[in-house]
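Asker: Below are the structure tokens for one structure; questions will follow.
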Amino acid sequence: MSPTFIRVFRVRKRHVAALAALVFIAFYLVRLYEIRAGRQAVEAQAWSVANRVIVLDPGHGGFDPGVAGKDGVLEKDITLAIAQRLAGYLGQAGAMVLLTREADTDLSNPATAGPANKKREDLTRRVEMANANQADLFLSIHVNSSSSPARRGAQTFIQPGSAAGRVAAEFIQAELAKTLKNTSRQPLEVDHFITRNTSMPAVIVETGFLTNEAEAKLLQEPDYQAKAARAIYAGVVKYFARLSSSPGEDPGKEEVIKTFRENQTKVYRP
């Protein structure tokens with residue numbers, strides 16, 4: 001091999017490396033622009049959640065840990081962290097947010113005996129809280145599990161036949177897919193106690209699988225929890241924007257808003 005040929009090859013190699021670096025930088029900048037543009041589009045519609053009563057239900061809590069990961073992490077802790085972040089986003093946009101729990105607690109009576117009875121009472125009180133406050137939307141935050149460690153990705157569930165629930169779930173599912181990039185799923189219908197008994201549209205959001213080792217690690221990271229909450233928030237904003245033609249339009253809601261504000265000790269403040 002001649003020295004001239006070696007020199008030309010080295011020059012070409014440097015050019016290829018530089019080009020690859022430029023392509024990577026361009027891709028990164030385009031991605032940043034898309035994220036920024038997407039957030040600006042959501043914030044432009046954030047008026048749609050103002051004065052909406054939204055109940056956030058961090059799944060499990062207290063005596064009920066939910067799914068447990070291999071490293072000991074519990075579903076009830078992850079769901080609370082994500083729900084609190086989501087409450088902050090919604091509250092800043094003017095929504096009236098009610099959390100079914102704000103700590104590692106459940107809603108059952110301490111005197112109630114037996115886990116099955118306590119679970120039934122716990123779920124019943126979560127539903128009653130939403131119905132009593134005439135919520136516009138009920139979101140139950142959970143973490144999934146599977147016998148297959150390969151299964152991963154977020155999934156939304158709705159009550160069979162709930163048209164409004166499906167619309168909300170479709171917006172949330174789309175935002176989860178776009179933000180977390182871990183699923184191509186569509187909302188599924190399931191007959192669940194909470195979705196069946198709430199008088200408003202209700203969506204169960206499974207944010208990922210604790211039985212998937214990689215996803216379990218992500219679900220424990222504050223930044224990833226914030227991404228999941230932000231995606232759900234974007235879906236909720238777009239759902240309400242579709243329902244409303246102008247900011248604040250909500251006929252017949254004045255009395256509900258007044259009652260809710262009179263009981264602000266219950267309202268989540270970010």
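We label chains A, B, ... in the order they appear in the structure tokens, count residues from 1 in each chain, and number ligands from 1 in the order shown.
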Please identify all polymer residues within 12 Å of Lys178 in chain A, counting only C-alpha atoms, omitting same-chain residues fewer than 2 positions from it, and present them as an mmCIF file with N, CA, C and O atoms, in the first residue's frame.

Answerer:
```
data_model
loop_
_atom_site.group_PDB
_atom_site.id
_atom_site.type_symbol
_atom_site.label_atom_id
_atom_site.label_comp_id
_atom_site.auth_asym_id
_atom_site.auth_seq_id
_atom_site.Cartn_x
_atom_site.Cartn_y
_atom_site.Cartn_z
ATOM 1 N N ARG A 31 -34.529 17.682 17.431
ATOM 2 C CA ARG A 31 -35.298 17.058 18.509
ATOM 3 C C ARG A 31 -35.638 18.079 19.596
ATOM 4 O O ARG A 31 -36.766 18.117 20.102
ATOM 5 N N GLU A 34 -38.394 20.232 18.334
ATOM 6 C CA GLU A 34 -39.684 19.537 18.369
ATOM 7 C C GLU A 34 -40.251 19.502 19.783
ATOM 8 O O GLU A 34 -41.455 19.703 19.980
ATOM 9 N N ILE A 35 -39.395 19.226 20.770
ATOM 10 C CA ILE A 35 -39.846 19.182 22.162
ATOM 11 C C ILE A 35 -40.345 20.552 22.598
ATOM 12 O O ILE A 35 -41.411 20.678 23.206
ATOM 13 N N GLY A 38 -43.569 21.372 20.847
ATOM 14 C CA GLY A 38 -44.659 20.575 21.422
ATOM 15 C C GLY A 38 -45.133 21.148 22.749
ATOM 16 O O GLY A 38 -46.333 21.235 23.001
ATOM 17 N N GLY A 153 -43.694 -0.652 28.528
ATOM 18 C CA GLY A 153 -44.472 0.400 27.895
ATOM 19 C C GLY A 153 -45.716 0.799 28.650
ATOM 20 O O GLY A 153 -46.295 0.011 29.395
ATOM 21 N N ALA A 154 -46.147 2.034 28.436
ATOM 22 C CA ALA A 154 -47.327 2.579 29.103
ATOM 23 C C ALA A 154 -48.610 2.108 28.428
ATOM 24 O O ALA A 154 -48.626 1.815 27.238
ATOM 25 N N PHE A 171 -55.954 10.666 23.896
ATOM 26 C CA PHE A 171 -55.026 11.794 23.965
ATOM 27 C C PHE A 171 -53.863 11.481 24.902
ATOM 28 O O PHE A 171 -52.703 11.762 24.582
ATOM 29 N N ILE A 172 -54.160 10.890 26.053
ATOM 30 C CA ILE A 172 -53.107 10.564 27.017
ATOM 31 C C ILE A 172 -52.174 9.494 26.464
ATOM 32 O O ILE A 172 -50.947 9.603 26.564
ATOM 33 N N GLN A 173 -52.744 8.457 25.854
ATOM 34 C CA GLN A 173 -51.931 7.382 25.287
ATOM 35 C C GLN A 173 -51.000 7.909 24.211
ATOM 36 O O GLN A 173 -49.813 7.533 24.136
ATOM 37 N N ALA A 174 -51.509 8.793 23.355
ATOM 38 C CA ALA A 174 -50.692 9.355 22.273
ATOM 39 C C ALA A 174 -49.518 10.151 22.828
ATOM 40 O O ALA A 174 -48.396 10.068 22.317
ATOM 41 N N GLU A 175 -49.762 10.924 23.883
ATOM 42 C CA GLU A 175 -48.687 11.718 24.468
ATOM 43 C C GLU A 175 -47.662 10.837 25.185
ATOM 44 O O GLU A 175 -46.465 11.111 25.141
ATOM 45 N N LEU A 176 -48.117 9.785 25.841
ATOM 46 C CA LEU A 176 -47.189 8.854 26.478
ATOM 47 C C LEU A 176 -46.291 8.188 25.433
ATOM 48 O O LEU A 176 -45.086 8.040 25.637
ATOM 49 N N LEU A 180 -42.464 9.076 25.967
ATOM 50 C CA LEU A 180 -41.672 7.988 26.546
ATOM 51 C C LEU A 180 -41.081 7.058 25.494
ATOM 52 O O LEU A 180 -40.121 6.340 25.762
ATOM 53 N N LYS A 181 -41.690 7.044 24.309
ATOM 54 C CA LYS A 181 -41.210 6.226 23.182
ATOM 55 C C LYS A 181 -41.036 4.753 23.572
ATOM 56 O O LYS A 181 -40.037 4.109 23.247
ATOM 57 N N ASN A 182 -42.014 4.233 24.303
ATOM 58 C CA ASN A 182 -41.901 2.838 24.736
ATOM 59 C C ASN A 182 -43.125 2.002 24.393
ATOM 60 O O ASN A 182 -43.254 0.874 24.860
ATOM 61 N N THR A 183 -44.032 2.563 23.580
ATOM 62 C CA THR A 183 -45.253 1.825 23.302
ATOM 63 C C THR A 183 -45.923 2.299 22.025
ATOM 64 O O THR A 183 -45.778 3.456 21.638
ATOM 65 N N SER A 184 -46.632 1.390 21.395
ATOM 66 C CA SER A 184 -47.491 1.751 20.259
ATOM 67 C C SER A 184 -48.921 1.294 20.567
ATOM 68 O O SER A 184 -49.739 1.160 19.671
ATOM 69 N N ARG A 185 -49.197 1.047 21.863
ATOM 70 C CA ARG A 185 -50.500 0.548 22.264
ATOM 71 C C ARG A 185 -51.610 1.582 22.088
ATOM 72 O O ARG A 185 -51.352 2.780 21.985
ATOM 73 N N LYS A 227 -41.227 13.140 33.185
ATOM 74 C CA LYS A 227 -41.595 12.963 31.770
ATOM 75 C C LYS A 227 -42.953 12.295 31.645
ATOM 76 O O LYS A 227 -43.786 12.692 30.819
ATOM 77 N N ALA A 228 -43.184 11.270 32.457
ATOM 78 C CA ALA A 228 -44.464 10.571 32.420
ATOM 79 C C ALA A 228 -45.598 11.508 32.831
ATOM 80 O O ALA A 228 -46.659 11.553 32.195
ATOM 81 N N ARG A 230 -45.598 14.756 32.670
ATOM 82 C CA ARG A 230 -45.740 15.798 31.649
ATOM 83 C C ARG A 230 -46.544 15.272 30.460
ATOM 84 O O ARG A 230 -47.353 15.991 29.878
ATOM 85 N N ALA A 231 -46.311 14.022 30.099
ATOM 86 C CA ALA A 231 -47.050 13.421 28.982
ATOM 87 C C ALA A 231 -48.534 13.313 29.312
ATOM 88 O O ALA A 231 -49.395 13.628 28.476
ATOM 89 N N ILE A 232 -48.843 12.856 30.527
ATOM 90 C CA ILE A 232 -50.248 12.749 30.940
ATOM 91 C C ILE A 232 -50.892 14.132 30.955
ATOM 92 O O ILE A 232 -52.025 14.319 30.488
ATOM 93 N N ALA A 234 -50.080 16.751 29.155
ATOM 94 C CA ALA A 234 -50.318 17.191 27.775
ATOM 95 C C ALA A 234 -51.570 16.545 27.205
ATOM 96 O O ALA A 234 -52.367 17.198 26.514
ATOM 97 N N GLY A 235 -51.757 15.256 27.492
ATOM 98 C CA GLY A 235 -52.949 14.566 27.011
ATOM 99 C C GLY A 235 -54.223 15.132 27.609
ATOM 100 O O GLY A 235 -55.233 15.291 26.915
#
```

Asker: DSSP says helix (DSSP H, G or I) for which residues of range 63-243 of chain A? Put them as a VMD selection string?

Answerer: chain A and resid 75 to 92 115 to 132 163 to 180 193 to 197 213 to 219 222 to 243

Asker: Which one of A:Gln186, A:Ala95, A:Ala202, A:Arg152 sits closest to Ala46 in chain A if you count only C-alpha atoms?

Answerer: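 Of the candidates, the smallest distance to Ala46 in chain A is held by A:Ala95.
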
Asker: Neighbouring residues of Ser108 in chain A were defined as those with any atom within 6 Å, considering only C-alpha atoms; residues of the same chain fewer than 3 positions away were excluded. Please report them as a PyMOL selection string.

Answerer: chain A and resi 118+121-122

Asker: Kindly save the residues from that selection, with C-alpha atoms included, as a tab-separated table (two decimals), in the first residue's frame.

Answerer:
```tsv
chain	number	residue	atom	x	y	z
A	118	LYS	CA	-60.13	-2.95	53.31
A	121	GLU	CA	-63.63	0.17	51.23
A	122	ASP	CA	-60.53	1.96	49.96
```

Asker: Assign secondary structure with DSSP using the backbone only, and return the residues of range 110-256 of chain A in strand (DSSP E) as a ChimeraX atom specification.

Answerer: /A:137-144,155-158,188-189,202-209

Asker: When you count only C-alpha atoms, which of these residues is closest to Leu90 in chain A: A:Leu137, A:Ile54, A:Leu74, A:Ala116?

Answerer: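 Of A:Leu137, A:Ile54, A:Leu74, A:Ala116, the one nearest Leu90 in chain A, counting only C-alpha atoms, is A:Ile54.
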
Asker: What's around Asp136 in chain A at 8 Å? Count only C-alpha atoms, leave out sequence neighbours fewer than 4 positions away in its own chain, and write the answer as a list in words.

Answerer: Arg52, Val53, Ile54, Met200 and Pro201 of chain A

Asker: Leaving out range 189-199 of chain A and any residue of its chain fewer than 5 positions from it, which residues lie within 6 Å of it when counting only C-alpha atoms, given as an MDAnalysis selection string?

Answerer: chainID A and resid 127 157:160

Asker: Tell me which protein, DNA and RNA residues are within 8 Å of Ser145 in chain A, counting only C-alpha atoms, leaving out same-chain ones fewer than 2 positions away, and put them as a PyMOL selection string.

Answerer: chain A and resi 67+143+147+209-212

Asker: Quick one, how far is CA of Gly88 in chain A from CA of Leu56 in chain A?

Answerer: 11.1 Å

Asker: When you count only C-alpha atoms, which of these residues is closest to Val203 in chain A: A:Pro110, A:Val55, A:Arg101, A:Arg120?

Answerer: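 The shortest atom-to-atom distance to Val203 in chain A comes from A:Val55.
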
Asker: Would you mind listing what lies within 9 Å of Asp106 in chain A as a count of residues only, with only C-alpha atoms counted and same-chain residues fewer than 3 positions away left out?

Answerer: 12

Asker: Choose the residue, out of A:Ala226, A:Ala68, A:Val237, A:Leu107, that has the smallest atom-to-atom separation from Val42 in chain A; count only C-alpha atoms.

Answerer: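 Closest to Val42 in chain A of all the choices is A:Val237.
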